[in-house]
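A short worksheet on the structure shown next.
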Amino acid sequence: MQIFDGIISDRGSKYAVSGGACASHAEAKAFIKGLCRKKKFAKATHNTWAFLQDGVPVKNDDGESGAGMVIVRMLEREGLQNHIVVVTRWFGGKQLGGDRFRHVQNAVRHYFENRD
């Protein structure tokens with residue numbers, strides 16, 4: 001599991017991105033459970049995630065409507081299969097509108113560029 005914390009900050013909201021190998025929905029649940037063992041991530045407003053299970057998208061918006069699909073599209077373009085990417089957001093009190101999708105994209109891009 002790789003975690004990149006505090007990569008984006010906008011109007012009080014803060015973002016992190018993490019990821020790792022994942023080949024099934026059960027593994028995705030275990031990954032999220034492991035991430036949320038860290039108190040900071042358990043208290044996050046959203047832990048949005050997605051992975052491609054042998055080409056089939058699996059995602060969860062966790063209340064950040066549409067964000068899971070943004071991750072799916074980026075995974076498809078990258079050609080990254082059986083690998084989960086989680087974008088975590090701590091809400092800062094102000095609505096971000098469409099900027100939240102740009103922040104999800106930037107977080108995923110950061111992950112792709114910096115993962116092992």
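Residues are named by chain letter and number: chains run A, B, ... in the order of the structure tokens, numbers start at 1 in each chain, and ligands are numbered from 1 in the order shown.
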So that I can see what lies close to His46 of chain A, please list as a PyMOL selection string the residues with an atom at most 7 Å from it, counting only C-alpha atoms and leaving out residues fewer than 2 positions away in the same chain. chain A and resi 44+48+62-64+88-90
Okay, now the selection with C-alpha atoms, as an mmCIF file, in the first residue's frame?
```
data_model
loop_
_atom_site.group_PDB
_atom_site.id
_atom_site.type_symbol
_atom_site.label_atom_id
_atom_site.label_comp_id
_atom_site.auth_asym_id
_atom_site.auth_seq_id
_atom_site.Cartn_x
_atom_site.Cartn_y
_atom_site.Cartn_z
ATOM 1 C CA ALA A 44 -12.140 11.389 6.144
ATOM 2 C CA THR A 48 -13.522 7.253 -3.248
ATOM 3 C CA ASP A 62 -18.394 7.064 -1.051
ATOM 4 C CA GLY A 63 -20.688 10.100 -1.299
ATOM 5 C CA GLU A 64 -18.479 12.028 -3.767
ATOM 6 C CA THR A 88 -9.380 10.572 0.085
ATOM 7 C CA ARG A 89 -10.955 13.954 0.802
ATOM 8 C CA TRP A 90 -11.342 15.782 4.070
#
```
So which residues touch Arg73 of chain A within 10 Å, counting only C-alpha atoms, skipping near sequence neighbours fewer than 5 positions away, as an NGL selection string? :A and (50-52 or 57 or 68 or 78-79 or 105)
Can you check which residues of chain A DSSP gives as helix (DSSP H, G or I) on the backbone and send them as a compact mmCIF listing (two decimals) with C-alpha atoms, in the first residue's frame?
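For reference, result07.txt as written:
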```
# COMPACT_ATOMS: atom_id res chain seq x y z
CA HIS A 25 -14.18 -6.68 -4.60
CA ALA A 26 -13.21 -8.52 -1.41
CA GLU A 27 -9.60 -7.32 -1.79
CA ALA A 28 -10.89 -3.76 -2.35
CA LYS A 29 -12.88 -3.93 0.89
CA ALA A 30 -9.81 -5.24 2.72
CA PHE A 31 -7.68 -2.44 1.24
CA ILE A 32 -10.14 0.24 2.40
CA LYS A 33 -10.40 -1.41 5.81
CA GLY A 34 -6.60 -1.36 6.10
CA LEU A 35 -6.47 2.28 5.04
CA LYS A 39 -7.48 7.14 12.32
CA LYS A 40 -6.96 10.09 9.98
CA PHE A 41 -8.36 8.15 6.98
CA ALA A 42 -11.21 6.67 9.01
CA ALA A 67 -15.61 10.68 -8.57
CA GLY A 68 -15.31 6.89 -8.87
CA MET A 69 -15.93 7.11 -12.61
CA VAL A 70 -13.17 9.71 -12.96
CA ILE A 71 -10.76 7.20 -11.39
CA VAL A 72 -12.06 4.40 -13.66
CA ARG A 73 -11.45 6.45 -16.82
CA MET A 74 -7.93 7.28 -15.73
CA LEU A 75 -7.17 3.63 -14.92
CA GLU A 76 -8.46 2.64 -18.36
CA ARG A 77 -6.28 5.25 -20.10
CA GLU A 78 -3.27 4.12 -18.06
CA ASP A 99 -13.11 21.67 -9.11
CA ARG A 100 -13.47 18.52 -7.04
CA PHE A 101 -13.22 16.41 -10.22
CA ARG A 102 -10.07 18.26 -11.25
CA HIS A 103 -8.61 17.52 -7.80
CA VAL A 104 -9.48 13.82 -8.13
CA GLN A 105 -7.77 13.75 -11.54
CA ASN A 106 -4.69 15.52 -10.18
CA ALA A 107 -4.52 13.14 -7.22
CA VAL A 108 -4.72 10.07 -9.47
CA ARG A 109 -2.15 11.59 -11.84
CA HIS A 110 0.15 12.16 -8.83
CA TYR A 111 -0.27 8.51 -7.88
CA PHE A 112 0.56 7.27 -11.38
CA GLU A 113 3.68 9.45 -11.56
CA ASN A 114 5.02 8.52 -8.11
```
7 Å contact set for Ile84 of chain A, only C-alpha atoms, chain neighbours under 2 positions out, as a compact mmCIF listing (two decimals) with C-alpha atoms, in the first residue's frame:
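See part_38.txt below for the written result:
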```
# COMPACT_ATOMS: atom_id res chain seq x y z
CA GLY A 19 -3.26 2.46 -4.01
CA GLY A 20 -2.02 -1.08 -4.39
CA ALA A 21 -2.68 -4.46 -5.94
CA CYS A 22 -6.34 -5.49 -5.99
CA ALA A 28 -10.89 -3.76 -2.35
CA TRP A 49 -11.99 4.28 -5.03
CA ALA A 50 -11.92 2.24 -8.22
CA PHE A 51 -10.07 -0.60 -9.91
CA ASN A 82 -6.11 -5.22 -10.88
CA VAL A 86 -8.25 5.57 -3.55
```
Residues of segment 19-49 of chain A in strand (DSSP E), written as JSON, numbers by chain: {"A": [19, 20, 21, 46, 47, 48, 49]}
In Å, rounded to a single decimal, give me how far atom CA of Val56 of chain A is from atom CA of Ser24 of chain A.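 Taking atom CA of Ser24 of chain A and atom CA of Val56 of chain A, their separation equals 10.5 Å.
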Excluding same-chain residues fewer than 3 positions from Val87 of chain A, what lies within 6 Å of it counting only C-alpha atoms, as a ChimeraX atom specification? /A:16-17,47-48
Have a look at A:Ser13, A:Gln2, A:Gln53, A:Gln95 and name the one nearest to His83 of chain A; count only C-alpha atoms. A:Gln53
Computed interatomic separation between atom CA of Ser65 of chain A and atom CA of Gly6 of chain A (Å):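 Straight-line distance from atom CA of Ser65 of chain A to atom CA of Gly6 of chain A works out to 21.5 Å.
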